[in-house]
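Asks: Provided herewith: query.pdb, PDB, C-alpha atoms.
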ATOM      1  CA  MET A   5      -8.349 -22.170 -43.556
ATOM      2  CA  PRO A   6      -8.465 -21.053 -39.892
ATOM      3  CA  GLN A   7      -5.488 -19.228 -38.492
ATOM      4  CA  THR A   8      -4.167 -21.013 -35.402
ATOM      5  CA  ASP A   9      -0.969 -19.026 -34.849
ATOM      6  CA  LYS A  10      -2.341 -15.524 -35.169
ATOM      7  CA  GLN A  11      -0.450 -13.182 -32.879
ATOM      8  CA  VAL A  12      -2.483 -11.319 -30.288
ATOM      9  CA  CYS A  13      -1.976  -7.567 -30.603
ATOM     10  CA  ILE A  14      -2.076  -5.547 -27.400
ATOM     11  CA  PRO A  15      -3.458  -2.039 -27.937
ATOM     12  CA  PRO A  16      -0.595   0.394 -27.275
ATOM     13  CA  GLU A  17      -2.752   2.522 -24.976
ATOM     14  CA  LEU A  18      -3.775  -0.425 -22.764
ATOM     15  CA  PRO A  19      -0.800  -0.433 -20.312
ATOM     16  CA  GLU A  20      -1.162   3.273 -19.544
ATOM     17  CA  LEU A  21      -4.954   2.946 -19.275
ATOM     18  CA  LEU A  22      -4.640   0.111 -16.742
ATOM     19  CA  LYS A  23      -1.911   1.983 -14.855
ATOM     20  CA  GLN A  24      -4.112   5.077 -14.481
ATOM     21  CA  PHE A  25      -7.085   2.924 -13.454
ATOM     22  CA  THR A  26      -5.016   1.162 -10.757
ATOM     23  CA  LYS A  27      -3.738   4.477  -9.378
ATOM     24  CA  ALA A  28      -7.282   5.870  -9.333
ATOM     25  CA  ALA A  29      -8.585   2.809  -7.476
ATOM     26  CA  ILE A  30      -5.862   3.111  -4.831
ATOM     27  CA  ARG A  31      -6.577   6.807  -4.311
ATOM     28  CA  THR A  32     -10.343   6.389  -4.173
ATOM     29  CA  GLN A  33     -10.470   3.171  -2.089
ATOM     30  CA  PRO A  34     -14.003   2.261  -3.332
ATOM     31  CA  PRO A  35     -15.902  -0.209  -1.124
ATOM     32  CA  ASP A  36     -17.297  -1.926  -4.247
ATOM     33  CA  LEU A  37     -14.464  -2.045  -6.766
ATOM     34  CA  ILE A  38     -16.498  -3.658  -9.565
ATOM     35  CA  GLN A  39     -19.283  -1.079  -9.402
ATOM     36  CA  TRP A  40     -16.780   1.762  -9.174
ATOM     37  CA  ALA A  41     -14.831   0.373 -12.154
ATOM     38  CA  ALA A  42     -18.028   0.387 -14.228
ATOM     39  CA  GLU A  43     -18.621   4.026 -13.283
ATOM     40  CA  TYR A  44     -14.973   4.884 -13.951
ATOM     41  CA  PHE A  45     -14.835   3.447 -17.475
ATOM     42  CA  GLY A  46     -18.370   4.653 -18.206
ATOM     43  CA  ALA A  47     -17.281   8.209 -17.460
ATOM     44  CA  MET A  48     -14.127   7.750 -19.562
ATOM     45  CA  SER A  49     -16.150   6.493 -22.547
ATOM     46  CA  ARG A  50     -18.421   9.543 -22.313
ATOM     47  CA  GLY A  51     -15.492  11.927 -22.104
ATOM     48  CA  GLU A  52     -16.378  12.872 -18.528
ATOM     49  CA  ILE A  53     -14.142  13.183 -15.476
ATOM     50  CA  PRO A  54     -14.059   9.778 -13.742
ATOM     51  CA  PRO A  55     -15.019   9.469 -10.042
ATOM     52  CA  VAL A  56     -11.505   9.659  -8.614
ATOM     53  CA  ARG A  57     -10.622  10.963  -5.152
ATOM     54  CA  GLU A  58      -7.777  13.470  -5.306
ATOM     55  CA  ARG A  59      -4.768  13.166  -2.981
ATOM     56  CA  SER A  60      -6.091  15.928  -0.728
ATOM     57  CA  GLU A  61      -9.323  13.941  -0.348
ATOM     58  CA  GLN A  62      -7.754  10.588   0.458
ATOM     59  CA  VAL A  63      -8.932   8.625   3.440
ATOM     60  CA  THR A  64      -7.486   9.892   6.704
ATOM     61  CA  LEU A  65      -7.679   8.767  10.307
ATOM     62  CA  SER A  66     -10.739  10.912  10.999
ATOM     63  CA  ASN A  67     -12.650   9.161   8.172
ATOM     64  CA  TRP A  68     -12.010   5.750   9.689
ATOM     65  CA  ALA A  69     -12.539   6.362  13.381
ATOM     66  CA  GLU A  70     -12.285   2.662  14.168
ATOM     67  CA  LEU A  71      -8.897   2.248  12.482
ATOM     68  CA  THR A  72      -5.786   3.383  14.358
ATOM     69  CA  PRO A  73      -2.096   2.430  14.347
ATOM     70  CA  GLU A  74      -2.663   0.997  17.822
ATOM     71  CA  LEU A  75      -5.354  -1.392  16.564
ATOM     72  CA  LEU A  76      -3.188  -2.361  13.622
ATOM     73  CA  LYS A  77      -0.425  -3.128  16.108
ATOM     74  CA  VAL A  78      -2.848  -5.410  17.978
ATOM     75  CA  LEU A  79      -3.764  -7.070  14.694
ATOM     76  CA  HIS A  80      -0.076  -7.532  13.867
ATOM     77  CA  SER A  81       0.530  -9.193  17.229
ATOM     78  CA  ARG A  82      -2.335 -11.626  16.556
ATOM     79  CA  VAL A  83      -0.844 -12.560  13.203
ATOM     80  CA  ALA A  84       2.045 -13.695  15.391
ATOM     81  CA  GLY A  85       4.974 -13.372  13.034
ATOM     82  CA  ARG A  86       3.446 -15.268  10.125
ATOM     83  CA  LEU A  87       4.328 -14.074   6.639
ATOM     84  CA  ILE A  88       1.232 -15.631   5.076
ATOM     85  CA  ILE A  89      -2.242 -15.704   6.594
ATOM     86  CA  HIS A  90      -5.503 -17.124   5.282
ATOM     87  CA  ALA A  91      -8.074 -14.537   4.198
ATOM     88  CA  ASP A  92     -10.879 -16.012   6.317
ATOM     89  CA  GLU A  93      -8.739 -15.970   9.452
ATOM     90  CA  LEU A  94      -7.614 -12.401   8.865
ATOM     91  CA  ALA A  95     -11.202 -11.318   8.209
ATOM     92  CA  GLN A  96     -12.216 -12.795  11.573
ATOM     93  CA  MET A  97      -9.364 -10.979  13.348
ATOM     94  CA  TRP A  98     -10.396  -7.739  11.629
ATOM     95  CA  LYS A  99     -14.027  -8.242  12.627
ATOM     96  CA  ALA A 100     -13.077  -9.050  16.228
ATOM     97  CA  LEU A 101     -11.440  -5.622  16.492
ATOM     98  CA  ASN A 102     -14.618  -4.023  15.104
ATOM     99  CA  LEU A 103     -12.740  -2.553  12.153
ATOM    100  CA  PRO A 104     -14.815  -1.454   9.130
ATOM    101  CA  THR A 105     -15.656  -4.268   6.741
ATOM    102  CA  ASP A 106     -15.702  -2.009   3.694
ATOM    103  CA  LEU A 107     -12.103  -0.984   4.370
ATOM    104  CA  PHE A 108     -11.066  -4.628   4.655
ATOM    105  CA  ASN A 109     -12.746  -5.371   1.318
ATOM    106  CA  SER A 110     -11.119  -2.330  -0.260
ATOM    107  CA  VAL A 111      -7.644  -3.412   0.854
ATOM    108  CA  MET A 112      -8.346  -6.915  -0.443
ATOM    109  CA  ASN A 113      -9.411  -5.525  -3.817
ATOM    110  CA  VAL A 114      -6.554  -3.063  -4.214
ATOM    111  CA  GLY A 115      -3.986  -5.653  -3.199
ATOM    112  CA  ARG A 116      -5.645  -8.310  -5.369
ATOM    113  CA  PHE A 117      -5.357 -10.710  -2.473
ATOM    114  CA  THR A 118      -6.947 -14.132  -2.662
ATOM    115  CA  GLU A 119      -7.086 -16.907  -0.076
ATOM    116  CA  GLU A 120      -3.435 -16.674   0.975
ATOM    117  CA  ILE A 121      -2.443 -13.143   1.980
ATOM    118  CA  GLU A 122       1.067 -11.758   2.316
ATOM    119  CA  TRP A 123       0.626 -10.072   5.678
ATOM    120  CA  LEU A 124       3.170  -7.270   5.238
ATOM    121  CA  LYS A 125       1.595  -6.227   1.952
ATOM    122  CA  PHE A 126      -1.877  -6.194   3.483
ATOM    123  CA  LEU A 127      -0.587  -4.221   6.455
ATOM    124  CA  ALA A 128       1.107  -1.687   4.173
ATOM    125  CA  LEU A 129      -2.129  -1.033   2.264
ATOM    126  CA  ALA A 130      -4.126  -0.805   5.492
ATOM    127  CA  CYS A 131      -1.639   1.775   6.801
ATOM    128  CA  SER A 132      -1.915   3.695   3.529
ATOM    129  CA  SER A 133      -5.541   4.510   4.423
ATOM    130  CA  LEU A 134      -4.130   6.461   7.379
ATOM    131  CA  GLY A 135      -1.246   8.134   5.559
ATOM    132  CA  VAL A 136      -1.745  10.622   2.733
ATOM    133  CA  THR A 137       1.887  10.312   1.616
ATOM    134  CA  ILE A 138       4.180   7.333   1.200
ATOM    135  CA  ALA A 139       6.495   8.670   3.905
ATOM    136  CA  LYS A 140       3.563   8.941   6.322
ATOM    137  CA  THR A 141       2.413   5.430   5.421
ATOM    138  CA  LEU A 142       5.895   4.007   6.035
ATOM    139  CA  LYS A 143       6.092   5.899   9.335
ATOM    140  CA  ILE A 144       2.872   4.227  10.476
ATOM    141  CA  VAL A 145       4.080   0.816   9.300
ATOM    142  CA  CYS A 146       7.318   1.295  11.270
ATOM    143  CA  GLU A 147       5.355   2.217  14.380
ATOM    144  CA  VAL A 148       3.212  -0.902  13.988
ATOM    145  CA  LEU A 149       6.109  -3.267  13.324
ATOM    146  CA  SER A 150       8.631  -1.821  15.798
ATOM    147  CA  CYS A 151       9.373  -4.025  18.788
ATOM    148  CA  ASP A 152      11.257  -1.354  20.749
ATOM    149  CA  HIS A 153       9.763  -0.784  24.173
ATOM    150  CA  ASP A 154      12.446   1.510  25.605
ATOM    151  CA  GLY A 155      10.813   4.727  24.481
ATOM    152  CA  GLY A 156      13.201   5.195  21.582
ATOM    153  CA  PRO A 157      12.155   5.991  18.002
ATOM    154  CA  PRO A 158      10.371   3.194  16.126
ATOM    155  CA  ARG A 159      12.749   1.176  13.965
ATOM    156  CA  ILE A 160      12.626  -1.901  11.770
ATOM    157  CA  PRO A 161      15.137  -3.940   9.754
ATOM    158  CA  PHE A 162      16.222  -2.158   6.596
ATOM    159  CA  SER A 163      15.369  -5.268   4.574
ATOM    160  CA  THR A 164      11.743  -4.969   5.741
ATOM    161  CA  PHE A 165      11.682  -1.247   4.923
ATOM    162  CA  GLN A 166      13.122  -1.989   1.483
ATOM    163  CA  PHE A 167      10.409  -4.555   0.793
ATOM    164  CA  LEU A 168       7.601  -2.254   1.989
ATOM    165  CA  TYR A 169       8.812   0.879   0.200
ATOM    166  CA  THR A 170       9.266  -1.009  -3.068
ATOM    167  CA  TYR A 171       5.787  -2.531  -2.798
ATOM    168  CA  ILE A 172       3.992   0.690  -1.830
ATOM    169  CA  ALA A 173       5.739   2.636  -4.600
ATOM    170  CA  GLU A 174       4.796  -0.061  -7.102
ATOM    171  CA  VAL A 175       1.151   0.024  -6.069
ATOM    172  CA  ASP A 176       1.116   3.836  -6.060
ATOM    173  CA  GLY A 177       2.392   3.846  -9.641
ATOM    174  CA  GLU A 178       3.687   7.423  -9.605
ATOM    175  CA  ILE A 179       7.269   6.775  -8.507
ATOM    176  CA  SER A 180       9.826   5.375 -10.914
ATOM    177  CA  SER A 181      11.709   2.232  -9.996
ATOM    178  CA  SER A 182      14.962   4.113 -10.608
ATOM    179  CA  HIS A 183      14.022   6.706  -7.988
ATOM    180  CA  VAL A 184      13.148   3.972  -5.502
ATOM    181  CA  SER A 185      16.506   2.292  -6.161
ATOM    182  CA  ARG A 186      18.407   5.554  -5.681
ATOM    183  CA  MET A 187      16.714   6.270  -2.379
ATOM    184  CA  LEU A 188      17.246   2.745  -1.082
ATOM    185  CA  ASN A 189      20.909   2.742  -2.121
ATOM    186  CA  TYR A 190      21.484   6.087  -0.412
ATOM    187  CA  ILE A 191      19.757   4.986   2.788
ATOM    188  CA  GLU A 192      21.627   1.688   2.883
ATOM    189  CA  GLN A 193      25.036   3.235   2.240
ATOM    190  CA  GLU A 194      24.796   6.547   4.090
ATOM    191  CA  VAL A 195      22.130   6.189   6.775
ATOM    192  CA  ILE A 196      21.867   2.623   8.066
ATOM    193  CA  GLY A 197      24.177   1.752  10.940
ATOM    194  CA  PRO A 198      25.858  -1.565  11.713
ATOM    195  CA  ASP A 199      22.691  -2.843  13.403
ATOM    196  CA  GLY A 200      20.906  -2.891  10.029
ATOM    197  CA  LEU A 201      17.896  -1.003  11.403
ATOM    198  CA  ILE A 202      16.170   2.071  10.027
ATOM    199  CA  LYS A 203      14.480   4.628  12.301
ATOM    200  CA  VAL A 204      11.511   6.781  11.369
ATOM    201  CA  ASN A 205      13.676   9.900  11.586
ATOM    202  CA  ASP A 206      16.054   8.422   9.001
ATOM    203  CA  PHE A 207      13.484   8.911   6.244
ATOM    204  CA  THR A 208      11.199  11.638   7.632
ATOM    205  CA  GLN A 209      13.780  14.213   8.755
ATOM    206  CA  ASN A 210      16.666  13.602   6.373
ATOM    207  CA  PRO A 211      16.440  16.248   3.591
ATOM    208  CA  ARG A 212      18.274  13.978   1.168
ATOM    209  CA  VAL A 213      15.693  11.235   1.489
ATOM    210  CA  ARG A 214      12.709  11.970  -0.744
ATOM    211  CA  LEU A 215      10.526   8.920  -0.966
ATOM    212  CA  GLU A 216       8.093  10.480  -3.464
TER
END
Represent the structure from my file as structure tokens, please.
Replies:
Amino acid sequence: MPQTDKQVCIPPELPELLKQFTKAAIRTQPPDLIQWAAEYFGAMSRGEIPPVRERSEQVTLSNWAELTPELLKVLHSRVAGRLIIHADELAQMWKALNLPTDLFNSVMNVGRFTEEIEWLKFLALACSSLGVTIAKTLKIVCEVLSCDHDGGPPRIPFSTFQFLYTYIAEVDGEISSSHVSRMLNYIEQEVIGPDGLIKVNDFTQNPRVRLE
């Protein structure tokens, strides 16, 4: 008699395997994620070292000459304050700025974005291609999002920083949620002023703030 209520057993090694694969994909930023995934798991099955870019080899500004914080700031202004943007519209904006298509596709793949894109998440991953560390990535995001025009340090609402740091740390996969919570609690209680804004210096030059 066929079993209709048989429980599905998840291999115990699967969560860690998928976690390591996700981290490797973020570090490597492959232009064709499917092809790279085949090569990655093929190497793993053969007992070989998978094709993963190390942190020291991650994409930097010089590798993507077309992509700069200034152009991302232009892109952000064209999104015009929307939290959600359609993928086709964002792709056209990206193309209009002559930004590399393979980087756009890579960000889409890593973020698992579909037709409706959360703009801040997309922006965070785009900035991560310019910043080797999480602190550097968040610095770039702050510079892009800051509306200060008085020559002062870039600053954004702490709530926005909290959202971005939590998301980037989650995607990175190497930072525990407890560490993220400790850092955010410290910043909120000891660093943030009554205006509710966080400056770049608050997390780049404070020795007690270690984002990674």
Asks: In Å to one decimal, how far is CA of Lys125 (chain A) from CA of Ala95 (chain A)?
Replies: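 Interatomic distance, CA of Ala95 (chain A) to CA of Lys125 (chain A): 15.1 Å.
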Asks: Nearest residue to Glu43 (chain A) out of A:Pro55, A:Glu147, A:Leu124, A:Pro157, using all atoms listed in the file?
Replies: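 Going through A:Pro55, A:Glu147, A:Leu124, A:Pro157 one by one, the smallest distance to Glu43 (chain A) is for A:Pro55.
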Asks: Tell me, in Å to one decimal, how far CA of Asp92 (chain A) is from CA of Glu119 (chain A).
Replies: 7.5 Å
Asks: Which residue is closest to His90 (chain A)? Choose from A:Thr118, A:Asn189, A:Gln39, A:Ser180 and count all atoms listed in the file.
Replies: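 Looking at the shortest contact to His90 (chain A), the residue is A:Thr118.
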Asks: Care to translate the PyMOL selection byres ((chain A and resi 200) around 9) into actual residues of this file, as a ChimeraX atom specification?
Replies: /A:160-163,192,196-199,201-202
Asks: Looking at A:Ile179, A:Leu21, A:Met187, A:Ala29, which one is nearest to Arg214 (chain A), with distances taken over all atoms listed in the file?
Replies: A:Met187
Asks: Nearest to Gln24 (chain A): which of A:Ala47, A:Ala173, A:Cys151, A:Val56 is it, counting all atoms listed in the file?
Replies: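 Using all atoms listed in the file, Gln24 (chain A) sits closest to A:Val56.
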Asks: Distance CA of Glu20 (chain A)-CA of Ser185 (chain A), one decimal place?
Replies: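 Between these atoms lies a distance of 22.2 Å.
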Asks: Name every residue that the PyMOL selection byres ((chain A and resi 94) around 12) selects in this structure, writing the answer as number ranges by chain with chains first and numbers rising.
Replies: A: 76, 79-80, 82-84, 86, 88-93, 95-101, 103, 105, 108-109, 112, 117-123, 126-127
Asks: Of the candidates A:Glu74, A:Asp106, A:Asp176, A:Glu194, which one gets nearest to Ser150 (chain A) if we count all atoms listed in the file?
Replies: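 Nearest to Ser150 (chain A): A:Glu74.
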